[in-house]
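What follows is a short report on a single structure.
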Amino acid sequence: MTPEMAPAQPPSFQLLAGDPDSPVLLHVPHSSRVIPPEVRAGLLPDDAGLERELDHLTDARTDEIAAWAARSAVTAPWRFVNLLSRLVVDPERLPDEREEMTAAGMGVVYTRTTHRGELRPADVDPAPLVERYFTPYAEAMTRAVDARLAATGRAVILDVHSYPKAPLPYELHGDGPRPPVCLGTDSVHTPPALVAAARRAFAGFGATGTDSPFAGAYVPLAHHGRDPRVTALMVEIRRDLCPTGPGEAAEPAVRALGSALAALVDAVS
């Protein structure tokens, strides 16, 4: 008898092809609100509480901004998009003791909420979620960067995020400036020319700042500190620049922000 096959798991991320000659990879890790039922079963808040948490933590419409940029750029970038909420796993956290957010209960697998309430039991074993979601994501992102290196000799990762105008209690560095656009940098992988190009691209939205309230830029661990051909910049868009609530007319803001991101893509392509 042929054994019954287990149902296929839906994909948790998507790589969307751009121009074969583009070195640019738009990374969109926090735009989704999707939580698989088996993961939802391990979360402690009730449905209303979970919806509030998703409102706080989801970088709403960053996927739409990246999509508009990809359509608008002269040389279309590649896009790597997380299809699941960061409440499943956060693919941008470090998976070891180097991750400072672990102390706040918000490492790879969150146990605390933005307001420091319980999200999961403190003694939850993160290993199954890391194995099922985090590791495949990291490996696929590494392959995507390798493909850009093989095709073009370099890779430029533009990490697309948004953040609230007022700080949330979980933020470890929330007392600094909160400019309309925050550019997160890496000491090894973010050259000054990349920051300058981003400042020019987003000049129409007011001041741009660096590394406040959020710092750093995503680079796969296989490349971080090892391959200077990989450059990276985090683009954090303050959420009041793009409406997220029901009934709000977001399309003009998505187009404007996406066009600015496209200008950055073209500047570094």
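Labeling convention for the structure tokens: chains A, B, ... as they appear, residues from 1 per chain, ligands from 1 in order of appearance.
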- Please provide as number ranges by chain all residues within 10 Å of segment 263-269 of chain A, with the sequence filter that same-chain residues fewer than 3 positions apart are discarded (counting only C-alpha atoms). A: 21-26, 69-70, 72-77, 152, 154-158, 193-202, 257-260
- Message: For the structure I just gave you, how does DSSP split segment 202-267 of chain A - specifically, which residues are strand (DSSP E or B)? Reply as a ChimeraX atom specification.
- Response: /A:208-210,230-238
- Top pick for closest residue to Ala66 of chain A, considering A:Asp175, A:Glu99, A:Asp240, A:Asp159 and counting only C-alpha atoms: A:Asp159
- Looking at A:Gly184, A:Pro164, A:Pro169, A:Pro177, which one is nearest to Tyr218 of chain A, with distances taken over only C-alpha atoms?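 Among the listed residues, the smallest separation from Tyr218 of chain A belongs to A:Gly184.
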- Query: A:Tyr170, A:Tyr110, A:Trp78, A:Trp68: which is nearest Asp90 of chain A, counting only C-alpha atoms?
  - Reply: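 When distances to Asp90 of chain A are compared using only C-alpha atoms, the smallest one comes from A:Tyr110.
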- Message: I need the helix (DSSP H, G or I) residues of segment 44-130 of chain A per DSSP on the backbone, written as a PyMOL selection string.
- Response: chain A and resi 47-57+62-72+100-104+127-130
Export of the given selection (N, CA and C atoms) as a short mmCIF file (atom, residue, chain, number, x, y, z; two decimals), in the first residue's frame:
```
data_model
loop_
_atom_site.label_atom_id
_atom_site.label_comp_id
_atom_site.auth_asym_id
_atom_site.auth_seq_id
_atom_site.Cartn_x
_atom_site.Cartn_y
_atom_site.Cartn_z
N ASP A 47 -8.24 36.84 20.05
CA ASP A 47 -8.22 37.32 18.67
C ASP A 47 -8.11 38.83 18.58
N ALA A 48 -8.84 39.54 19.43
CA ALA A 48 -8.77 41.00 19.40
C ALA A 48 -7.38 41.49 19.79
N GLY A 49 -6.80 40.87 20.81
CA GLY A 49 -5.45 41.25 21.23
C GLY A 49 -4.43 40.96 20.15
N LEU A 50 -4.60 39.85 19.46
CA LEU A 50 -3.66 39.50 18.39
C LEU A 50 -3.78 40.48 17.22
N GLU A 51 -4.99 40.90 16.90
CA GLU A 51 -5.17 41.88 15.84
C GLU A 51 -4.47 43.19 16.19
N ARG A 52 -4.58 43.60 17.45
CA ARG A 52 -3.88 44.83 17.87
C ARG A 52 -2.38 44.67 17.73
N GLU A 53 -1.88 43.50 18.08
CA GLU A 53 -0.43 43.27 17.98
C GLU A 53 0.01 43.29 16.52
N LEU A 54 -0.80 42.72 15.64
CA LEU A 54 -0.48 42.77 14.22
C LEU A 54 -0.51 44.20 13.70
N ASP A 55 -1.43 45.01 14.20
CA ASP A 55 -1.45 46.42 13.80
C ASP A 55 -0.15 47.11 14.18
N HIS A 56 0.38 46.81 15.35
CA HIS A 56 1.61 47.45 15.81
C HIS A 56 2.84 47.00 15.03
N LEU A 57 2.89 45.72 14.68
CA LEU A 57 4.14 45.13 14.19
C LEU A 57 4.20 44.94 12.68
N THR A 62 4.34 47.88 2.72
CA THR A 62 5.71 47.89 2.21
C THR A 62 5.86 46.95 1.02
N ASP A 63 5.06 45.89 0.97
CA ASP A 63 5.09 45.01 -0.21
C ASP A 63 4.56 45.75 -1.44
N GLU A 64 3.53 46.59 -1.24
CA GLU A 64 2.99 47.36 -2.36
C GLU A 64 3.99 48.42 -2.83
N ILE A 65 4.67 49.05 -1.88
CA ILE A 65 5.69 50.05 -2.23
C ILE A 65 6.80 49.40 -3.04
N ALA A 66 7.26 48.22 -2.60
CA ALA A 66 8.31 47.51 -3.32
C ALA A 66 7.83 47.08 -4.70
N ALA A 67 6.57 46.66 -4.80
CA ALA A 67 6.03 46.25 -6.10
C ALA A 67 5.97 47.43 -7.06
N TRP A 68 5.56 48.61 -6.55
CA TRP A 68 5.52 49.80 -7.40
C TRP A 68 6.93 50.17 -7.85
N ALA A 69 7.88 50.08 -6.95
CA ALA A 69 9.27 50.37 -7.31
C ALA A 69 9.76 49.43 -8.40
N ALA A 70 9.42 48.15 -8.28
CA ALA A 70 9.86 47.18 -9.28
C ALA A 70 9.27 47.49 -10.65
N ARG A 71 8.01 47.95 -10.67
CA ARG A 71 7.37 48.30 -11.95
C ARG A 71 7.92 49.60 -12.53
N SER A 72 8.37 50.49 -11.65
CA SER A 72 8.75 51.83 -12.09
C SER A 72 10.23 51.97 -12.44
N GLU A 100 20.23 41.34 20.40
CA GLU A 100 19.89 42.07 21.62
C GLU A 100 18.41 42.04 21.93
N MET A 101 17.55 41.84 20.92
CA MET A 101 16.12 41.84 21.18
C MET A 101 15.65 40.59 21.92
N THR A 102 16.49 39.58 22.00
CA THR A 102 16.13 38.39 22.76
C THR A 102 15.86 38.74 24.22
N ALA A 103 16.60 39.71 24.75
CA ALA A 103 16.40 40.13 26.13
C ALA A 103 15.02 40.74 26.35
N ALA A 104 14.40 41.26 25.28
CA ALA A 104 13.06 41.84 25.37
C ALA A 104 11.99 40.82 25.01
N ALA A 127 12.82 25.79 18.71
CA ALA A 127 13.48 24.98 17.68
C ALA A 127 12.54 24.56 16.54
N PRO A 128 11.32 24.08 16.81
CA PRO A 128 10.46 23.67 15.69
C PRO A 128 10.14 24.82 14.72
N LEU A 129 9.88 26.01 15.27
CA LEU A 129 9.59 27.15 14.39
C LEU A 129 10.83 27.60 13.63
N VAL A 130 11.97 27.55 14.28
CA VAL A 130 13.23 27.90 13.61
C VAL A 130 13.48 26.94 12.45
#
```
